[in-house]
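*Asks:* Pasting model_14.txt here (compact mmCIF, C-alpha atoms (C1' of nucleotides)):
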```txt
# COMPACT_ATOMS: atom_id res chain seq x y z
CA MET A 1188 -52.97 -18.93 94.99
CA ALA A 1189 -51.46 -22.32 94.38
CA LEU A 1190 -47.83 -21.19 94.80
CA GLU A 1191 -48.38 -21.35 98.54
CA HIS A 1192 -49.71 -24.88 98.22
CA ALA A 1193 -47.00 -25.95 95.80
CA ILE A 1194 -44.46 -24.80 98.39
CA LEU A 1195 -46.23 -26.75 101.13
CA VAL A 1196 -46.18 -29.91 99.02
CA SER A 1197 -42.54 -29.44 98.11
CA LEU A 1198 -41.49 -28.82 101.72
CA LEU A 1199 -43.48 -31.83 102.90
CA GLU A 1200 -41.64 -33.96 100.35
CA GLN A 1201 -38.36 -32.44 101.57
CA PRO A 1202 -37.63 -29.42 103.80
CA GLY A 1203 -35.30 -26.82 102.29
CA SER A 1204 -34.29 -23.19 101.81
CA GLY A 1205 -35.75 -20.61 99.47
CA TYR A 1206 -32.83 -21.11 97.15
CA GLU A 1207 -33.34 -24.87 97.06
CA LEU A 1208 -37.03 -24.39 96.40
CA ALA A 1209 -36.24 -22.05 93.53
CA ARG A 1210 -34.14 -24.81 91.96
CA ARG A 1211 -36.86 -27.38 92.48
CA PHE A 1212 -39.21 -25.02 90.67
CA GLU A 1213 -36.82 -25.22 87.73
CA ARG A 1214 -37.01 -29.00 87.86
CA SER A 1215 -39.65 -31.40 89.10
CA ILE A 1216 -42.13 -28.87 90.48
CA GLY A 1217 -41.51 -26.79 87.37
CA TYR A 1218 -43.26 -29.50 85.33
CA PHE A 1219 -46.52 -27.95 86.47
CA TRP A 1220 -45.73 -24.71 88.29
CA THR A 1221 -43.16 -21.96 87.78
CA ALA A 1222 -41.89 -19.33 90.20
CA THR A 1223 -38.94 -16.99 90.47
CA HIS A 1224 -36.76 -16.82 93.54
CA GLN A 1225 -38.09 -13.36 94.46
CA GLN A 1226 -41.64 -14.65 94.44
CA ILE A 1227 -40.63 -17.66 96.54
CA TYR A 1228 -38.73 -15.64 99.15
CA ARG A 1229 -41.63 -13.25 99.56
CA VAL A 1230 -44.20 -16.01 99.96
CA LEU A 1231 -41.97 -17.98 102.34
CA LYS A 1232 -41.67 -14.93 104.56
CA ARG A 1233 -45.42 -14.42 104.61
CA MET A 1234 -46.14 -18.08 105.24
CA GLU A 1235 -43.67 -18.14 108.11
CA SER A 1236 -45.21 -15.07 109.75
CA ASP A 1237 -48.63 -16.72 109.28
CA GLY A 1238 -47.33 -19.72 111.23
CA LEU A 1239 -47.60 -22.16 108.31
CA LEU A 1240 -43.87 -22.84 108.26
CA ASP A 1241 -41.03 -23.29 110.73
CA VAL A 1242 -37.58 -21.84 110.02
CA ARG A 1243 -34.20 -23.03 111.17
CA GLU A 1244 -30.99 -21.07 110.58
CA VAL A 1245 -28.44 -23.52 109.19
CA PRO A 1246 -24.80 -22.36 109.25
CA GLN A 1247 -22.82 -23.76 106.35
CA GLU A 1248 -19.16 -24.00 105.50
CA ARG A 1249 -17.74 -22.52 102.31
CA ARG A 1250 -21.07 -20.93 101.48
CA PRO A 1251 -23.58 -18.50 103.00
CA ASP A 1252 -25.83 -19.69 105.81
CA LYS A 1253 -29.31 -20.70 104.80
CA LYS A 1254 -32.74 -20.73 106.34
CA GLU A 1255 -34.26 -24.16 106.19
CA TYR A 1256 -38.03 -24.13 106.07
CA SER A 1257 -40.30 -26.99 107.07
CA VAL A 1258 -44.07 -27.34 107.28
CA ALA A 1259 -45.68 -26.57 110.65
CA PRO A 1260 -48.95 -28.26 111.70
CA PRO A 1261 -51.10 -25.26 110.63
CA GLY A 1262 -49.45 -25.50 107.20
CA ARG A 1263 -50.45 -29.15 106.92
CA ASP A 1264 -53.99 -28.18 107.86
CA ALA A 1265 -54.06 -25.39 105.29
CA LEU A 1266 -52.93 -27.79 102.58
CA SER A 1267 -55.49 -30.37 103.63
CA ARG A 1268 -58.27 -27.79 103.55
CA TRP A 1269 -57.25 -26.65 100.08
CA LEU A 1270 -57.14 -30.24 98.82
CA HIS A 1271 -60.79 -30.64 99.77
CA GLU A 1272 -61.89 -27.44 98.02
CA PRO A 1273 -62.89 -27.59 94.36
CA ILE A 1274 -60.71 -25.57 91.99
CA GLU A 1275 -61.39 -24.10 88.57
CA PRO A 1276 -60.24 -26.23 85.64
CA GLU A 1277 -57.33 -24.47 83.97
CA SER A 1278 -57.73 -22.16 81.07
CA ILE A 1279 -54.82 -21.78 78.76
CA ARG A 1280 -52.91 -18.69 77.76
CA HIS A 1281 -50.91 -19.53 74.74
CA ASP A 1282 -49.06 -16.59 73.19
CA LEU A 1283 -47.91 -18.65 70.25
CA ALA A 1284 -51.50 -19.35 69.24
CA VAL A 1285 -52.16 -15.60 69.23
CA LYS A 1286 -49.18 -15.19 66.93
CA ILE A 1287 -50.38 -17.95 64.62
CA ARG A 1288 -53.77 -16.36 64.14
CA GLY A 1289 -52.07 -12.98 63.83
CA ALA A 1290 -49.89 -14.32 61.03
CA ALA A 1291 -52.92 -14.05 58.73
CA PHE A 1292 -52.36 -10.27 58.83
CA ASP A 1293 -48.63 -10.46 58.31
CA ASP A 1294 -46.22 -12.91 56.69
CA PRO A 1295 -47.00 -16.52 57.71
CA ALA A 1296 -43.63 -17.70 56.43
CA ALA A 1297 -41.86 -15.40 58.89
CA LEU A 1298 -43.31 -17.43 61.74
CA VAL A 1299 -41.66 -20.69 60.68
CA ARG A 1300 -38.40 -20.04 62.51
CA GLU A 1301 -40.21 -19.05 65.69
CA VAL A 1302 -42.32 -22.21 65.61
CA GLU A 1303 -39.22 -24.31 64.95
CA ARG A 1304 -37.57 -22.72 67.98
CA HIS A 1305 -40.52 -23.64 70.19
CA HIS A 1306 -40.43 -27.12 68.72
CA ARG A 1307 -36.82 -27.48 69.83
CA VAL A 1308 -37.55 -26.22 73.36
CA HIS A 1309 -40.42 -28.68 73.78
CA SER A 1310 -38.34 -31.54 72.38
CA ASP A 1311 -35.63 -30.74 74.93
CA ARG A 1312 -38.16 -30.66 77.74
CA LEU A 1313 -39.55 -34.00 76.63
CA ALA A 1314 -36.08 -35.54 76.60
CA HIS A 1315 -35.44 -34.13 80.06
CA TYR A 1316 -38.71 -35.50 81.43
CA LEU A 1317 -38.10 -38.92 79.88
CA ALA A 1318 -34.62 -39.05 81.40
CA GLY A 1319 -36.15 -38.22 84.78
CA GLU A 1320 -38.79 -40.87 84.34
CA PHE A 1321 -36.17 -43.49 83.49
CA ARG A 1322 -34.01 -42.44 86.46
CA ASP A 1323 -36.80 -42.42 89.03
CA PHE A 1324 -39.56 -44.70 87.82
CA THR A 1325 -38.93 -46.97 84.84
CA GLY A 1326 -35.17 -47.70 84.86
CA PRO A 1327 -33.19 -50.34 86.75
CA ASP A 1328 -32.78 -48.08 89.82
CA ALA A 1329 -36.53 -47.52 90.14
CA PRO A 1330 -38.28 -48.67 93.32
CA VAL A 1331 -39.71 -52.17 93.00
CA SER A 1332 -42.99 -51.37 94.72
CA PRO A 1333 -43.40 -47.59 94.77
CA ASP A 1334 -45.36 -45.97 97.58
CA ALA A 1335 -48.33 -43.64 97.11
CA GLY A 1336 -46.14 -40.54 96.91
CA GLN A 1337 -43.97 -42.03 94.17
CA GLU A 1338 -47.00 -43.25 92.22
CA LEU A 1339 -48.47 -39.76 92.35
CA GLN A 1340 -45.20 -38.10 91.35
CA HIS A 1341 -45.01 -40.49 88.43
CA VAL A 1342 -48.53 -39.83 87.19
CA VAL A 1343 -47.86 -36.08 87.28
CA LEU A 1344 -44.66 -36.61 85.33
CA ARG A 1345 -46.57 -38.72 82.80
CA GLY A 1346 -48.84 -35.70 82.42
CA GLY A 1347 -45.86 -33.50 81.61
CA ILE A 1348 -44.63 -36.05 79.09
CA ALA A 1349 -48.06 -36.29 77.46
CA TYR A 1350 -48.25 -32.50 77.29
CA GLU A 1351 -44.88 -32.17 75.56
CA ARG A 1352 -45.64 -35.00 73.09
CA MET A 1353 -48.98 -33.41 72.23
CA THR A 1354 -47.40 -29.99 71.82
CA ILE A 1355 -44.62 -31.30 69.57
CA ALA A 1356 -47.15 -33.08 67.34
CA TRP A 1357 -49.23 -29.91 67.15
CA LEU A 1358 -46.20 -27.78 66.27
CA ASP A 1359 -45.50 -30.21 63.41
CA ASP A 1360 -49.06 -29.61 62.25
CA VAL A 1361 -48.55 -25.83 62.55
CA LEU A 1362 -45.32 -25.99 60.53
CA ALA A 1363 -46.96 -28.02 57.78
CA THR A 1364 -49.83 -25.53 57.67
CA LEU A 1365 -47.55 -22.50 57.55
CA ARG A 1366 -45.51 -24.03 54.73
CA ARG A 1367 -48.61 -24.93 52.77
CA ILE A 1368 -49.90 -21.37 53.06
CA ALA A 1369 -46.53 -19.89 52.17
CA GLY A 1370 -46.47 -22.18 49.13
CA ASN A 1371 -49.89 -21.04 47.96
CA HIS A 1372 -49.31 -17.38 48.63
CA PRO A 1373 -45.61 -16.78 48.10
CA ARG A 1374 -44.04 -13.46 48.95
CA THR A 1375 -40.95 -12.39 47.11
CA MET B 852 -48.58 -8.71 77.42
CA ALA B 853 -50.31 -10.74 74.79
CA LEU B 854 -53.83 -9.59 75.70
CA GLU B 855 -53.15 -6.44 73.73
CA HIS B 856 -52.07 -8.51 70.74
CA ALA B 857 -54.94 -10.94 71.08
CA ILE B 858 -57.29 -7.93 70.93
CA LEU B 859 -55.53 -6.60 67.84
CA VAL B 860 -55.88 -9.95 66.08
CA SER B 861 -59.53 -10.24 67.06
CA LEU B 862 -60.35 -6.73 65.91
CA LEU B 863 -58.52 -7.27 62.63
CA GLU B 864 -60.62 -10.39 62.06
CA GLN B 865 -63.73 -8.35 62.91
CA PRO B 866 -64.17 -4.89 64.52
CA GLY B 867 -66.37 -4.82 67.60
CA SER B 868 -67.17 -3.43 71.03
CA GLY B 869 -65.65 -4.36 74.36
CA TYR B 870 -68.71 -6.40 75.15
CA GLU B 871 -68.46 -8.32 71.89
CA LEU B 872 -64.76 -8.94 72.49
CA ALA B 873 -65.55 -10.30 75.94
CA ARG B 874 -67.89 -12.82 74.36
CA ARG B 875 -65.32 -13.79 71.75
CA PHE B 876 -62.92 -14.43 74.61
CA GLU B 877 -65.44 -16.93 75.94
CA ARG B 878 -65.51 -18.65 72.56
CA SER B 879 -62.97 -18.89 69.78
CA ILE B 880 -60.25 -16.66 71.24
CA GLY B 881 -60.87 -18.34 74.58
CA TYR B 882 -59.39 -21.54 73.15
CA PHE B 883 -55.99 -20.03 73.84
CA TRP B 884 -56.47 -16.83 75.81
CA THR B 885 -58.88 -15.78 78.54
CA ALA B 886 -59.87 -12.32 79.73
CA THR B 887 -62.65 -10.76 81.75
CA HIS B 888 -64.67 -7.80 80.52
CA GLN B 889 -63.06 -5.48 83.06
CA GLN B 890 -59.63 -6.36 81.80
CA ILE B 891 -60.74 -5.89 78.20
CA TYR B 892 -62.37 -2.49 78.79
CA ARG B 893 -59.32 -1.21 80.58
CA VAL B 894 -56.90 -2.36 77.89
CA LEU B 895 -59.14 -1.04 75.10
CA LYS B 896 -59.13 2.37 76.74
CA ARG B 897 -55.35 2.38 77.02
CA MET B 898 -54.86 1.14 73.47
CA GLU B 899 -57.17 3.81 72.16
CA SER B 900 -55.37 6.58 74.01
CA ASP B 901 -52.10 5.14 72.65
CA GLY B 902 -53.49 5.53 69.15
CA LEU B 903 -53.52 1.79 68.37
CA LEU B 904 -57.29 1.69 67.93
CA ASP B 905 -60.03 3.85 66.44
CA VAL B 906 -63.40 4.17 68.19
CA ARG B 907 -66.77 4.86 66.68
CA GLU B 908 -69.90 5.50 68.80
CA VAL B 909 -72.65 3.32 67.38
CA PRO B 910 -76.20 4.23 68.49
CA GLN B 911 -78.40 1.16 68.69
CA GLU B 912 -82.12 0.57 69.04
CA ARG B 913 -83.56 -1.47 71.88
CA ARG B 914 -80.17 -1.70 73.56
CA PRO B 915 -77.47 0.62 74.89
CA ASP B 916 -75.18 2.38 72.46
CA LYS B 917 -71.84 0.77 71.94
CA LYS B 918 -68.31 1.82 71.08
CA GLU B 919 -67.05 -0.04 68.10
CA TYR B 920 -63.29 -0.42 68.05
CA SER B 921 -61.17 -1.07 65.00
CA VAL B 922 -57.43 -1.33 64.46
CA ALA B 923 -55.63 1.88 63.46
CA PRO B 924 -52.45 1.76 61.36
CA PRO B 925 -50.15 2.10 64.42
CA GLY B 926 -51.96 -0.90 65.92
CA ARG B 927 -51.22 -2.96 62.82
CA ASP B 928 -47.58 -1.94 63.07
CA ALA B 929 -47.44 -2.85 66.75
CA LEU B 930 -48.86 -6.30 65.99
CA SER B 931 -46.44 -6.80 63.12
CA ARG B 932 -43.50 -5.83 65.30
CA TRP B 933 -44.59 -8.26 68.01
CA LEU B 934 -45.01 -11.06 65.48
CA HIS B 935 -41.36 -10.69 64.52
CA GLU B 936 -40.11 -10.76 68.11
CA PRO B 937 -39.29 -14.11 69.70
CA ILE B 938 -41.44 -15.06 72.70
CA GLU B 939 -40.80 -17.39 75.60
CA PRO B 940 -42.22 -20.90 75.20
CA GLU B 941 -45.06 -21.28 77.65
CA SER B 942 -44.63 -22.73 81.06
CA ILE B 943 -47.60 -24.37 82.62
CA ARG B 944 -49.34 -23.66 85.90
CA HIS B 945 -51.51 -26.59 86.69
CA ASP B 946 -53.20 -26.39 90.10
CA LEU B 947 -54.60 -29.88 89.75
CA ALA B 948 -51.10 -31.36 89.47
CA VAL B 949 -50.18 -29.62 92.73
CA LYS B 950 -53.21 -31.23 94.31
CA ILE B 951 -52.31 -34.63 92.98
CA ARG B 952 -48.84 -34.53 94.45
CA GLY B 953 -50.30 -33.07 97.62
CA ALA B 954 -52.68 -36.02 97.90
CA ALA B 955 -49.73 -38.12 99.10
CA PHE B 956 -50.01 -36.19 102.38
CA ASP B 957 -53.78 -36.48 102.64
CA ASP B 958 -56.41 -38.89 101.39
CA PRO B 959 -55.85 -39.79 97.71
CA ALA B 960 -59.35 -41.25 97.43
CA ALA B 961 -60.86 -37.87 98.31
CA LEU B 962 -59.45 -36.43 95.10
CA VAL B 963 -61.37 -38.81 92.83
CA ARG B 964 -64.50 -36.66 92.66
CA GLU B 965 -62.49 -33.54 91.91
CA VAL B 966 -60.61 -35.24 89.09
CA GLU B 967 -63.88 -36.62 87.71
CA ARG B 968 -65.30 -33.09 87.71
CA HIS B 969 -62.33 -31.80 85.72
CA HIS B 970 -62.74 -34.74 83.37
CA ARG B 971 -66.30 -33.68 82.68
CA VAL B 972 -65.34 -30.04 82.06
CA HIS B 973 -62.65 -31.05 79.58
CA SER B 974 -64.99 -33.49 77.83
CA ASP B 975 -67.51 -30.68 77.43
CA ARG B 976 -64.86 -28.36 76.04
CA LEU B 977 -63.76 -31.03 73.59
CA ALA B 978 -67.34 -31.54 72.40
CA HIS B 979 -67.71 -27.79 72.00
CA TYR B 980 -64.49 -27.48 69.99
CA LEU B 981 -65.41 -30.43 67.78
CA ALA B 982 -68.82 -28.89 67.08
CA GLY B 983 -67.10 -25.64 66.12
CA GLU B 984 -64.68 -27.49 63.88
CA PHE B 985 -67.51 -29.31 62.12
CA ARG B 986 -69.44 -26.07 61.69
CA ASP B 987 -66.56 -23.99 60.36
CA PHE B 988 -64.03 -26.36 58.83
CA THR B 989 -64.95 -29.99 58.30
CA GLY B 990 -68.74 -30.03 57.83
CA PRO B 991 -70.82 -29.51 54.68
CA ASP B 992 -70.93 -25.72 55.20
CA ALA B 993 -67.14 -25.43 55.36
CA PRO B 994 -65.34 -23.32 52.76
CA VAL B 995 -64.18 -25.39 49.79
CA SER B 996 -60.80 -23.73 49.51
CA PRO B 997 -60.10 -21.93 52.78
CA ASP B 998 -57.92 -18.83 52.77
CA ALA B 999 -54.82 -18.36 54.91
CA GLY B 1000 -56.78 -16.87 57.82
CA GLN B 1001 -59.16 -19.82 57.92
CA GLU B 1002 -56.31 -22.33 57.66
CA LEU B 1003 -54.60 -20.66 60.61
CA GLN B 1004 -57.78 -20.51 62.68
CA HIS B 1005 -58.27 -24.19 61.99
CA VAL B 1006 -54.76 -25.21 63.03
CA VAL B 1007 -55.16 -23.28 66.30
CA LEU B 1008 -58.47 -25.01 66.91
CA ARG B 1009 -56.83 -28.37 66.20
CA GLY B 1010 -54.36 -27.43 68.94
CA GLY B 1011 -57.21 -26.87 71.38
CA ILE B 1012 -58.73 -30.21 70.40
CA ALA B 1013 -55.41 -32.01 70.83
CA TYR B 1014 -54.94 -30.36 74.22
CA GLU B 1015 -58.35 -31.47 75.48
CA ARG B 1016 -57.90 -35.02 74.17
CA MET B 1017 -54.50 -35.28 75.83
CA THR B 1018 -55.85 -33.89 79.09
CA ILE B 1019 -58.80 -36.29 79.14
CA ALA B 1020 -56.50 -39.27 78.55
CA TRP B 1021 -54.21 -38.08 81.34
CA LEU B 1022 -57.12 -37.61 83.75
CA ASP B 1023 -58.12 -41.23 83.02
CA ASP B 1024 -54.58 -42.21 83.96
CA VAL B 1025 -54.79 -40.12 87.14
CA LEU B 1026 -58.11 -41.72 88.11
CA ALA B 1027 -56.73 -45.23 87.59
CA THR B 1028 -53.69 -44.33 89.70
CA LEU B 1029 -55.75 -42.82 92.52
CA ARG B 1030 -58.02 -45.87 92.61
CA ARG B 1031 -55.06 -48.25 92.63
CA ILE B 1032 -53.52 -46.35 95.56
CA ALA B 1033 -56.82 -46.21 97.44
CA GLY B 1034 -57.17 -49.96 96.90
CA ASN B 1035 -53.72 -50.67 98.31
CA HIS B 1036 -54.06 -48.32 101.25
CA PRO B 1037 -57.74 -48.28 102.13
CA ARG B 1038 -59.07 -45.85 104.73
CA THR B 1039 -62.17 -46.74 106.64
C1' DC C 597 -5.66 -11.08 89.67
C1' DT C 598 -9.62 -10.32 87.55
C1' DT C 599 -13.71 -11.93 85.46
C1' DG C 600 -17.46 -14.62 85.84
C1' DC C 601 -20.30 -18.11 88.05
C1' DC C 602 -22.56 -20.36 92.17
C1' DT C 603 -24.80 -20.16 96.67
C1' DA C 604 -27.93 -17.36 99.34
C1' DT C 605 -31.19 -13.60 100.48
C1' DG C 606 -33.66 -9.61 99.81
C1' DC C 607 -36.00 -4.62 98.47
C1' DA C 608 -38.68 -1.57 95.43
C1' DA C 609 -41.28 -0.52 91.57
C1' DC C 610 -44.10 -2.00 88.32
C1' DC C 611 -47.52 -4.64 85.50
C1' DA C 612 -51.21 -7.95 84.71
C1' DG C 613 -55.23 -9.93 86.16
C1' DT C 614 -59.16 -10.80 89.58
C1' DT C 615 -63.08 -9.59 92.49
C1' DG C 616 -66.64 -6.85 94.00
C1' DC C 617 -69.55 -3.40 93.02
C1' DA C 618 -72.35 0.07 90.30
C1' DT C 619 -75.23 1.87 86.60
C1' DA C 620 -78.88 1.64 83.15
C1' DG C 621 -82.39 0.59 79.61
C1' DA C 622 -84.97 -3.14 77.53
C1' DA C 623 -86.93 -7.89 77.24
C1' DC C 624 -89.24 -11.62 79.25
C1' DC C 625 -91.69 -14.36 82.57
C1' DA C 626 -94.79 -15.33 86.42
C1' DT D 507 -95.35 -5.65 89.87
C1' DG D 508 -91.35 -7.63 90.73
C1' DG D 509 -87.49 -10.79 89.52
C1' DT D 510 -84.26 -12.28 86.11
C1' DT D 511 -81.58 -12.04 82.08
C1' DC D 512 -79.22 -9.62 78.34
C1' DT D 513 -76.69 -5.73 76.38
C1' DA D 514 -73.24 -2.36 77.52
C1' DT D 515 -69.72 0.18 80.21
C1' DG D 516 -67.05 1.32 83.97
C1' DC D 517 -64.42 2.28 88.91
C1' DA D 518 -61.74 0.82 93.00
C1' DA D 519 -59.20 -2.20 95.63
C1' DC D 520 -56.56 -5.99 95.79
C1' DT D 521 -53.49 -10.03 94.68
C1' DG D 522 -50.14 -12.40 92.15
C1' DG D 523 -46.17 -12.21 89.47
C1' DT D 524 -42.19 -9.92 86.93
C1' DT D 525 -38.08 -7.02 86.44
C1' DG D 526 -34.30 -4.59 87.93
C1' DC D 527 -31.17 -4.00 91.29
C1' DA D 528 -28.18 -4.93 95.50
C1' DT D 529 -25.27 -7.53 98.64
C1' DA D 530 -21.71 -10.87 99.81
C1' DG D 531 -18.46 -14.74 100.33
C1' DG D 532 -16.30 -18.60 97.85
C1' DC D 533 -14.74 -21.05 93.67
C1' DA D 534 -12.69 -21.93 89.23
C1' DA D 535 -10.75 -20.62 84.81
C1' DG D 536 -7.88 -17.94 82.09
```
Rewrite the structure from the file as structure tokens, please.
*Replies:*
Amino acid sequence: MALEHAILVSLLEQPGSGYELARRFERSIGYFWTATHQQIYRVLKRMESDGLLDVREVPQERRPDKKEYSVAPPGRDALSRWLHEPIEPESIRHDLAVKIRGAAFDDPAALVREVERHHRVHSDRLAHYLAGEFRDFTGPDAPVSPDAGQELQHVVLRGGIAYERMTIAWLDDVLATLRRIAGNHPRT
Amino acid sequence: MALEHAILVSLLEQPGSGYELARRFERSIGYFWTATHQQIYRVLKRMESDGLLDVREVPQERRPDKKEYSVAPPGRDALSRWLHEPIEPESIRHDLAVKIRGAAFDDPAALVREVERHHRVHSDRLAHYLAGEFRDFTGPDAPVSPDAGQELQHVVLRGGIAYERMTIAWLDDVLATLRRIAGNHPRT
DNA sequence: CTTGCCTATGCAACCAGTTGCATAGAACCA
DNA sequence: TGGTTCTATGCAACTGGTTGCATAGGCAAG
């Protein structure tokens, strides 16, 4: 149940509302964890009633009031405990790979467009990550001597960049393979 | 719901029982999709009652009888339909990355062992994939002119290999970063 | 002045996946 | 004889996550 812990980390980096968290999960946190706003609101509520978080009603002008959450001492403890527990190394669930193997029983050429679409999405993500890296870590506005938190954020971002580069290279390989097969076994 | 489709692909490649499928999901299919036997049995039952699969009771000697499943024509159609639908590009959920960012609020040095453990697991997986690739695709027993199905299996396996290599390189980066931080901010 | 988007929160129903447990015959080892 | 492992299947309860829908004020564009 790492969503809880991802929320703790995010709120320690910067307190905020459910809505703000949802947007962070579309950005920096989203590099390695995704969540919808419904999921976030539900978990926030549970965490607050468990005493892991504090809430503060913040009236705002020109927009609805928000509830700003921050990490309470028991939340810090819970995170610390989790950090010292071993976790299972990830196992992947890659729908596209299922499709690729399935293409053997259908028309491999029909998959080319789909793979190209994924290629575009991953290229966009890579560009987005690289822009973020330049803005926060490698460009002229980057901190001269980053602290531990910034170093760790950067190494996680480098992981996202490496993942996208690897995926793009693999999708090139997939496309070449699909085209070779379609060439050898043309369908009219 | 790609488990259903992963099962269809696997049964098209080779009919088998729930137990056999579970073992395939620990091996080749497991490169890109995981599932427990409970999950598999439940889905098989549903797919059979939906008419996607045929069952055949196979009495065996020296071991319990098994139910051998194979893909029925409606199952083939369902797979084909899914192959022509676009799917969402994956988004990752990487617990370890949450931990790494969380380490900024705890002791970064304490994470070194955990990361080393993951490093070992991924190195083992890589070795396992490479052995499989040598056995089935690049070694002396490999098919001289592979058919489309074998080409596609190979490109998926290459994806698994690329993923593990990328992950191992990133974990090296993470370890170097953690050690640098621990050196700058030692705890006694 | 209406349509659509942005901020902000939430419920209800559903689906997918995990965990724990149970059964049962045969093989193998000490 | 008793413990463990392997084949083989399954139920029940739970947790995590998705989808669809609802509300509600303010803002900007056409």
*Asks:* Mind listing as a PyMOL selection string all residues within 9 Å of (-52.8, -20.3, 73.9), counting only C-alpha atoms (C1' of nucleotides)?
*Replies:* (chain A and resi 1278-1285) or (chain B and resi 880-885+941+1007+1010-1011)
*Asks:* Under the rule of at most 8 Å, produce a per-residue listing of chain D near chain A: chain, number, name, the closest pair of atoms, and the distance in Å, as a Markdown table, using all atoms listed in the file.
*Replies:*
```
| residue | atom | partner | partner_atom | distance |
| --- | --- | --- | --- | --- |
| D:DG522 | C1' | A:Met1188 | CA | 7.7 |
| D:DG523 | C1' | A:Gln1226 | CA | 7.2 |
| D:DG531 | C1' | A:Arg1250 | CA | 6.8 |
| D:DG532 | C1' | A:Arg1249 | CA | 6.1 |
```
*Asks:* Using all atoms listed in the file, which chain A residues lie at most 8 Å away from chain B, written as JSON, numbers by chain?
*Replies:* {"A": [1189, 1192, 1193, 1196, 1199, 1218, 1219, 1220, 1221, 1266, 1267, 1270, 1271, 1273, 1274, 1276, 1277, 1278, 1279, 1280, 1281, 1282, 1283, 1284, 1285, 1286, 1287, 1288, 1289, 1290, 1291, 1292, 1293, 1297, 1298, 1301, 1305, 1308, 1335, 1336, 1338, 1339, 1340, 1342, 1343, 1345, 1346, 1349, 1350, 1353, 1354, 1357, 1360, 1361, 1364, 1365, 1368]}
*Asks:* Taking all atoms listed in the file into account, find every residue of chain C that has an atom no more than 8 Å from chain B, and write it out as a list in words.
*Replies:*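 Contact residues on the first chain: DA612, DG613, DG621 and DA622 of chain C.
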*Asks:* Within 8 Å of range 902-908 of chain B, counting all atoms listed in the file, which residues qualify if same-chain residues fewer than 6 places away don't, as a list in words?
*Replies:*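 Using all atoms listed in the file, the neighbours found are Leu895, Asp916, Lys917, Lys918, Glu919, Tyr920, Ser921, Val922, Ala923, Pro924, Pro925, Gly926, Arg927 and Ala929 of chain B.
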*Asks:* Please measure the separation of CA of Tyr980 in chain B and C1' of DT511 in chain D, giving the value in Å to one decimal.
*Replies:* 26.0 Å
*Asks:* What separation in Å, quoted to one decimal, exists between C1' of DG600 in chain C and C1' of DA530 in chain D?
*Replies:*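 Separation of C1' of DG600 in chain C and C1' of DA530 in chain D: 15.1 Å.
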*Asks:* Which protein, DNA or RNA residues have an atom at most 10 Å from (-32.5, -2.6, 94.0), counting only C-alpha atoms (C1' of nucleotides)? List them as a PDB file with C-alpha atoms (C1' of nucleotides), keeping the file's coordinate frame.
*Replies:*
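Full text of selection-v2.pdb as output:
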```pdb
ATOM      1  C1'  DG C 606     -33.660  -9.610  99.810  1.00  0.00           C
ATOM      2  C1'  DC C 607     -36.000  -4.620  98.470  1.00  0.00           C
ATOM      3  C1'  DA C 608     -38.680  -1.570  95.430  1.00  0.00           C
ATOM      4  C1'  DA C 609     -41.280  -0.520  91.570  1.00  0.00           C
TER       5       DA C 609
ATOM      6  C1'  DG D 526     -34.300  -4.590  87.930  1.00  0.00           C
ATOM      7  C1'  DC D 527     -31.170  -4.000  91.290  1.00  0.00           C
ATOM      8  C1'  DA D 528     -28.180  -4.930  95.500  1.00  0.00           C
ATOM      9  C1'  DT D 529     -25.270  -7.530  98.640  1.00  0.00           C
TER      10       DT D 529
END
```
*Asks:* CA of Phe876 in chain B and CA of Phe985 in chain B are how many Å apart?
*Replies:* 20.0 Å
*Asks:* So, with all atoms listed in the file as the atoms that count, which of D:DA514, D:DT524, D:DG508, D:DG536 lies closest to DT599 in chain C?
*Replies:*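 Ranked by minimum distance to DT599 in chain C, first place goes to D:DG536.
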